[in-house]
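The next block is structure.cif, given as mmCIF, C-alpha atoms and all ligand atoms.
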data_model
#
loop_
_atom_site.label_atom_id
_atom_site.label_comp_id
_atom_site.auth_asym_id
_atom_site.auth_seq_id
_atom_site.Cartn_x
_atom_site.Cartn_y
_atom_site.Cartn_z
CA MET A 1 3.16 -13.65 -16.92
CA ILE A 2 3.59 -16.85 -14.89
CA ALA A 3 7.35 -16.67 -15.29
CA ALA A 4 7.45 -13.05 -14.13
CA ILE A 5 5.35 -13.81 -11.07
CA GLU A 6 7.45 -16.82 -10.16
CA ALA A 7 10.64 -14.82 -10.58
CA ILE A 8 9.35 -12.12 -8.22
CA ARG A 9 8.21 -14.68 -5.66
CA GLU A 10 11.64 -16.24 -5.76
CA ARG A 11 13.31 -12.87 -5.26
CA ILE A 12 10.99 -12.16 -2.32
CA ARG A 13 11.89 -15.54 -0.81
CA ILE A 14 15.63 -14.94 -1.18
CA ALA A 15 15.42 -11.42 0.26
CA ALA A 16 13.34 -12.67 3.19
CA GLU A 17 15.70 -15.54 3.96
CA SER A 18 18.76 -13.32 3.70
CA CYS A 19 17.55 -11.44 6.76
CA GLY A 20 15.93 -14.29 8.67
CA ARG A 21 12.34 -13.48 7.78
CA ARG A 22 9.62 -15.77 6.49
CA GLN A 23 8.50 -15.45 2.88
CA ASP A 24 4.87 -15.75 4.03
CA ASP A 25 5.17 -12.59 6.09
CA ILE A 26 5.68 -10.53 2.95
CA HIS A 27 2.63 -9.91 0.78
CA LEU A 28 2.90 -9.20 -2.89
CA VAL A 29 0.63 -6.36 -3.99
CA ALA A 30 0.53 -6.55 -7.78
CA VAL A 31 0.17 -2.98 -9.01
CA SER A 32 -2.24 -3.14 -11.94
CA LYS A 33 -2.78 0.52 -12.81
CA THR A 34 -3.18 0.88 -16.61
CA VAL A 35 -3.15 -2.92 -16.96
CA PRO A 36 -6.29 -4.24 -18.69
CA ALA A 37 -8.63 -6.55 -16.80
CA GLU A 38 -7.80 -9.55 -18.94
CA ARG A 39 -4.12 -9.37 -18.03
CA VAL A 40 -5.06 -9.09 -14.37
CA ARG A 41 -7.14 -12.23 -14.89
CA ASP A 42 -4.02 -14.00 -16.16
CA ALA A 43 -2.10 -12.83 -13.11
CA ALA A 44 -4.86 -14.14 -10.85
CA ALA A 45 -4.72 -17.49 -12.65
CA ALA A 46 -1.00 -17.53 -11.87
CA GLY A 47 -1.70 -17.06 -8.17
CA VAL A 48 -1.73 -13.31 -7.57
CA ARG A 49 -4.30 -12.47 -4.89
CA ILE A 50 -3.79 -8.77 -4.02
CA LEU A 51 -4.06 -6.03 -6.62
CA GLY A 52 -3.07 -2.41 -6.13
CA GLU A 53 -4.88 0.33 -8.03
CA ASN A 54 -4.27 4.10 -8.18
CA TYR A 55 -7.39 5.48 -9.82
CA ILE A 56 -10.94 5.01 -8.63
CA GLN A 57 -12.70 5.00 -12.00
CA GLU A 58 -10.26 2.58 -13.56
CA ALA A 59 -10.49 0.30 -10.53
CA ARG A 60 -14.28 0.33 -10.56
CA ASP A 61 -14.42 -0.91 -14.13
CA LYS A 62 -11.78 -3.55 -13.49
CA LEU A 63 -13.38 -4.86 -10.31
CA GLU A 64 -16.63 -5.23 -12.15
CA ALA A 65 -15.01 -7.11 -15.02
CA LEU A 66 -13.29 -9.44 -12.53
CA SER A 67 -16.05 -9.77 -9.95
CA ASP A 68 -16.12 -13.55 -10.45
CA LEU A 69 -12.60 -13.83 -8.93
CA GLU A 70 -11.63 -13.95 -5.26
CA LEU A 71 -9.25 -11.01 -5.18
CA SER A 72 -8.33 -8.45 -2.59
CA TRP A 73 -8.09 -4.90 -3.96
CA HIS A 74 -5.92 -2.24 -2.35
CA PHE A 75 -6.02 1.46 -3.10
CA ILE A 76 -2.50 2.89 -3.35
CA GLY A 77 -3.00 6.20 -5.18
CA HIS A 78 -3.72 9.68 -3.93
CA LEU A 79 -7.27 9.74 -2.59
CA GLN A 80 -9.42 12.84 -2.88
CA ARG A 81 -12.04 13.28 -0.21
CA ASN A 82 -14.88 13.32 -2.71
CA LYS A 83 -13.83 9.82 -3.86
CA ALA A 84 -13.63 8.32 -0.37
CA LYS A 85 -17.12 6.89 -0.74
CA TYR A 86 -16.06 4.77 -3.71
CA ALA A 87 -12.77 3.76 -2.12
CA VAL A 88 -14.64 2.41 0.90
CA ARG A 89 -16.95 0.39 -1.33
CA LEU A 90 -14.22 -1.08 -3.46
CA PHE A 91 -11.11 -1.63 -1.38
CA ASP A 92 -10.05 -3.90 1.49
CA LEU A 93 -7.14 -1.65 2.37
CA ILE A 94 -6.45 2.02 1.61
CA HIS A 95 -2.67 2.62 1.74
CA SER A 96 -2.73 6.36 1.24
CA VAL A 97 -4.44 8.15 4.11
CA ASP A 98 -2.55 11.39 4.62
CA SER A 99 -4.77 13.80 6.52
CA ILE A 100 -7.23 13.93 9.38
CA ARG A 101 -9.89 15.34 7.06
CA LEU A 102 -9.54 12.41 4.70
CA ALA A 103 -9.62 9.95 7.60
CA ARG A 104 -12.82 11.58 8.87
CA GLU A 105 -14.47 11.27 5.49
CA ILE A 106 -13.47 7.61 5.21
CA ASP A 107 -14.83 7.02 8.70
CA LYS A 108 -18.12 8.63 7.75
CA GLN A 109 -18.46 6.66 4.52
CA ALA A 110 -17.46 3.41 6.22
CA ALA A 111 -20.14 4.00 8.85
CA LYS A 112 -22.71 4.38 6.08
CA ALA A 113 -21.48 1.23 4.41
CA GLY A 114 -21.54 -0.69 7.69
CA LYS A 115 -17.85 -1.42 7.40
CA ARG A 116 -14.68 -0.94 9.39
CA GLN A 117 -12.23 0.33 6.80
CA ALA A 118 -8.62 -0.82 7.14
CA ILE A 119 -6.13 1.91 6.30
CA LEU A 120 -2.44 2.71 6.30
CA ILE A 121 -1.03 6.14 6.98
CA GLN A 122 1.06 7.39 4.07
CA VAL A 123 4.27 9.09 5.16
CA ASN A 124 6.23 11.45 2.90
CA THR A 125 9.58 10.25 4.20
CA GLY A 126 11.54 12.39 1.73
CA LYS A 127 9.44 15.53 2.31
CA GLU A 128 9.04 15.87 -1.44
CA ALA A 129 6.68 18.57 -2.68
CA THR A 130 5.46 16.28 -5.48
CA LYS A 131 4.40 13.48 -3.13
CA SER A 132 1.51 13.02 -0.78
CA GLY A 133 1.79 11.79 2.76
CA VAL A 134 2.19 13.30 6.19
CA TYR A 135 5.62 14.25 7.42
CA GLU A 136 7.12 11.83 9.91
CA GLU A 137 6.64 14.26 12.78
CA ASP A 138 2.89 14.47 12.06
CA ALA A 139 2.16 10.76 11.71
CA LEU A 140 1.59 10.09 15.40
CA ALA A 141 -1.00 12.86 15.62
CA LEU A 142 -2.88 11.42 12.64
CA ALA A 143 -2.71 7.92 14.16
CA ARG A 144 -4.03 9.31 17.44
CA GLU A 145 -7.01 10.93 15.71
CA ALA A 146 -7.75 7.90 13.54
CA ALA A 147 -7.62 5.68 16.62
CA GLN A 148 -10.73 7.49 17.86
CA MET A 149 -12.68 6.78 14.68
CA GLU A 150 -15.00 3.86 15.10
CA HIS A 151 -15.12 2.81 11.46
CA ILE A 152 -11.41 3.00 10.75
CA ALA A 153 -8.80 0.40 11.59
CA VAL A 154 -5.22 1.64 11.30
CA ARG A 155 -2.98 -1.26 10.30
CA GLY A 156 0.35 0.43 9.66
CA LEU A 157 2.31 2.79 7.44
CA MET A 158 3.11 3.24 3.78
CA THR A 159 5.75 5.27 1.97
CA LEU A 160 6.74 6.22 -1.54
CA PRO A 161 10.34 7.35 -0.96
CA PRO A 162 12.42 9.54 -3.27
CA TYR A 163 13.53 7.78 -6.42
CA PHE A 164 17.13 6.65 -6.69
CA TYR A 165 18.57 4.32 -9.26
CA ALA A 166 20.56 2.61 -6.50
CA PRO A 167 18.31 0.87 -3.97
CA GLU A 168 20.93 1.35 -1.23
CA LYS A 169 20.17 5.06 -1.33
CA VAL A 170 16.53 4.36 -0.55
CA ARG A 171 17.35 2.25 2.51
CA PRO A 172 17.40 5.15 5.02
CA TYR A 173 13.82 6.06 4.06
CA PHE A 174 12.61 2.50 4.54
CA ARG A 175 14.39 2.34 7.85
CA ALA A 176 12.87 5.64 8.93
CA LEU A 177 9.40 4.27 8.21
CA ARG A 178 10.06 1.17 10.28
CA GLU A 179 11.41 3.22 13.19
CA LEU A 180 8.41 5.51 13.00
CA SER A 181 6.13 2.51 13.09
CA ASP A 182 7.94 1.26 16.22
CA ARG A 183 7.48 4.64 17.90
CA ILE A 184 3.78 4.78 17.09
CA ARG A 185 3.33 1.21 18.32
CA SER A 186 5.00 2.02 21.61
CA ALA A 187 2.58 4.91 22.09
CA GLY A 188 0.07 2.09 22.71
CA LEU A 189 -2.92 3.80 21.12
CA PRO A 190 -6.04 1.71 21.60
CA GLY A 191 -7.48 0.37 18.36
CA ILE A 192 -4.23 0.84 16.42
CA GLU A 193 -2.28 -2.06 15.01
CA MET A 194 1.12 -1.22 13.63
CA THR A 195 1.65 -4.52 11.86
CA GLU A 196 1.96 -3.51 8.21
CA LEU A 197 4.73 -1.66 6.42
CA SER A 198 3.88 -1.04 2.77
CA MET A 199 7.16 -0.15 1.07
CA GLY A 200 9.29 -1.25 -1.88
CA MET A 201 8.54 -1.31 -5.60
CA THR A 202 10.14 -2.90 -8.67
CA GLY A 203 13.50 -1.19 -8.25
CA ASP A 204 14.01 -1.54 -4.52
CA PHE A 205 11.72 -4.14 -2.95
CA GLU A 206 14.52 -6.39 -1.72
CA THR A 207 15.99 -3.53 0.29
CA ALA A 208 12.51 -2.77 1.63
CA ILE A 209 12.13 -6.40 2.76
CA GLU A 210 15.47 -6.22 4.56
CA GLU A 211 14.14 -3.15 6.37
CA GLY A 212 10.89 -4.83 7.41
CA ALA A 213 8.36 -4.43 4.58
CA THR A 214 5.27 -6.61 4.99
CA MET A 215 3.75 -5.50 1.68
CA VAL A 216 5.71 -4.81 -1.48
CA ARG A 217 3.93 -2.99 -4.31
CA ILE A 218 5.22 -4.25 -7.63
CA GLY A 219 3.99 -3.22 -11.06
CA THR A 220 6.63 -3.02 -13.76
CA ALA A 221 8.43 -6.26 -12.89
CA LEU A 222 5.13 -8.17 -13.18
CA PHE A 223 3.25 -6.48 -15.99
CA GLY A 224 6.04 -4.74 -17.94
CA GLU A 225 6.58 -1.04 -18.56
CA ARG A 226 3.46 1.10 -18.38
CA VAL A 227 2.57 3.15 -21.44
C1 LIG A 301 2.88 2.56 -9.64
C2 LIG A 301 3.13 2.37 -8.21
C3 LIG A 301 3.87 1.28 -7.72
C4 LIG A 301 4.54 0.25 -8.61
O1 LIG A 301 5.72 0.74 -9.17
P1 LIG A 301 6.68 -0.17 -10.08
O2 LIG A 301 7.96 0.57 -10.07
O3 LIG A 301 6.05 -0.28 -11.41
O4 LIG A 301 6.81 -1.50 -9.42
C5 LIG A 301 3.99 1.14 -6.35
N1 LIG A 301 3.43 2.01 -5.49
C6 LIG A 301 2.72 3.06 -5.91
C7 LIG A 301 2.12 3.99 -4.91
C8 LIG A 301 2.55 3.29 -7.28
O5 LIG A 301 1.86 4.36 -7.68
#
With the file now loaded, output its structure as structure tokens.
Amino acid sequence: MIAAIEAIRERIRIAAESCGRRQDDIHLVAVSKTVPAERVRDAAAAGVRILGENYIQEARDKLEALSDLELSWHFIGHLQRNKAKYAVRLFDLIHSVDSIRLAREIDKQAAKAGKRQAILIQVNTGKEATKSGVYEEDALALAREAAQMEHIAVRGLMTLPPYFYAPEKVRPYFRALRELSDRIRSAGLPGIEMTELSMGMTGDFETAIEEGATMVRIGTALFGERV
């Protein structure tokens, strides 16, 4: 576990330096879906601080089992509106907001919880039917709506691009997300920060870093193949 984490940190450092970025500007989100709490505890002991989870029920149990640790939990899966309440209670950042209706529900639940919920807008850069996320051309409208919501803080964008074995083929999707983020930022919406780009996984995170990722979501390379 420690060796895997160190190897990933080293690869993040090299990728960052290769394009003149600072290692510290890239956050490792360790994706712990299906990974038992005790292995997450080992990862935390080895210095992992941010965990990414896809399923509310699984995350609830794990957070409880690890409540003695100082960890930041991020929700990266598809979020149904009827689960927004739990997501707001459990997570520091929700990466996967993909509709105005979901944003409204999060806003409502965050108001009840007395919290300002940080979110990212998920963009379906490949326009794949199997993936969630707004299309690029609809992201600004969602950002504009969310900017009006008092209990939501938009921090940036996230994407899950089409899968290619060769990371070079994914580069255009990462670049498109960064360019979209620049366009939304220049719209100057009050209350919107476009500082985070959540992109890159085990197979392509170095390319994502070269294209501006500030958060890489890595599961397999840290915890091994999921069963
Ligand atoms: C599972 C998952 C990851 C991690 O993928 P790996 O290829 O195992 O690194 C990243 N992002 C999302 C949204 C995921 O569901």
One decimal, in Å: what's the spacing between CA of Asp42 in chain A and CA of Met1 in chain A?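 Separation of CA of Asp42 in chain A and CA of Met1 in chain A: 7.2 Å.
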Among the residues A:Ile209, A:Met199, A:Leu177, A:Ile56, the one that comes closest to ligand LIG 301 (chain A) [using all atoms listed in the file]: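 Closest residue, counting all atoms listed in the file: A:Met199.
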Could you please determine the separation between CA of Thr34 in chain A and CA of Ala221 in chain A in Å, to one decimal place?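 Rounded to one decimal, the two atoms are 14.1 Å apart.
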Determine, counting all atoms listed in the file, every residue of protein, DNA or RNA that lies within 7 Å of (7.6, -10.5, -14.7) in the file coordinates, then give the result as a VMD selection string. chain A and resid 1 3 to 5 7 to 8 221 to 224
So, with all atoms listed in the file as the atoms that count, which of A:Glu53, A:Asp24, A:Glu137, A:Glu150 lies closest to ligand LIG 301 (chain A)? A:Glu53
Quick one: residues within 9 Å of range 61-76 of chain A, all atoms listed in the file counted, chain neighbours fewer than 5 positions away excluded, as a PyMOL selection string? chain A and resi 29+31+36-38+40-41+44+48-56+87+90-96+217
If you count all atoms listed in the file, which residues fall within 12 Å of range 164-166 of chain A, apart from same-chain ones fewer than 6 positions away, as a PyMOL selection string? chain A and resi 126+172-173+201-207
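You can rank A:Lys169, A:His27, A:Lys83, A:Arg226 by their closest distance to ligand LIG 301 (chain A) using all atoms listed in the file, and at the top of that list sits A:Arg226.
For the pair CA of Ala187 in chain A and CA of Thr214 in chain A, the separation is 20.8 Å.
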Determine the nearest neighbour of ligand LIG 301 (chain A) from the options A:Leu189, A:Met158, A:Leu102, A:Ala46, counting all atoms listed in the file.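 The shortest atom-to-atom distance to ligand LIG 301 (chain A) comes from A:Met158.
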For ligand LIG 301 (chain A), the closest of A:Asn82, A:Ala30, A:Val97, A:Glu196 counting all atoms listed in the file is A:Ala30
Padding of 3 Å on every side, edges along x, y and z, all listed atoms of ligand LIG 301 (chain A) included: what centre and edge lengths in Å, to one decimal, does that box have, as JSON?
{"center_x": 4.9, "center_y": 1.4, "center_z": -8.2, "size_x": 12.1, "size_y": 11.9, "size_z": 12.5}
Minimum-distance residue to ligand LIG 301 (chain A), chosen among A:Ala43, A:Ala113, A:Val154, A:Leu28 (using all atoms listed in the file): A:Leu28
Selection near Asp107 in chain A, 7 Å with all atoms listed in the file, sequence-local residues under 5 positions removed, as an NGL selection string: :A and (149 or 151-152)
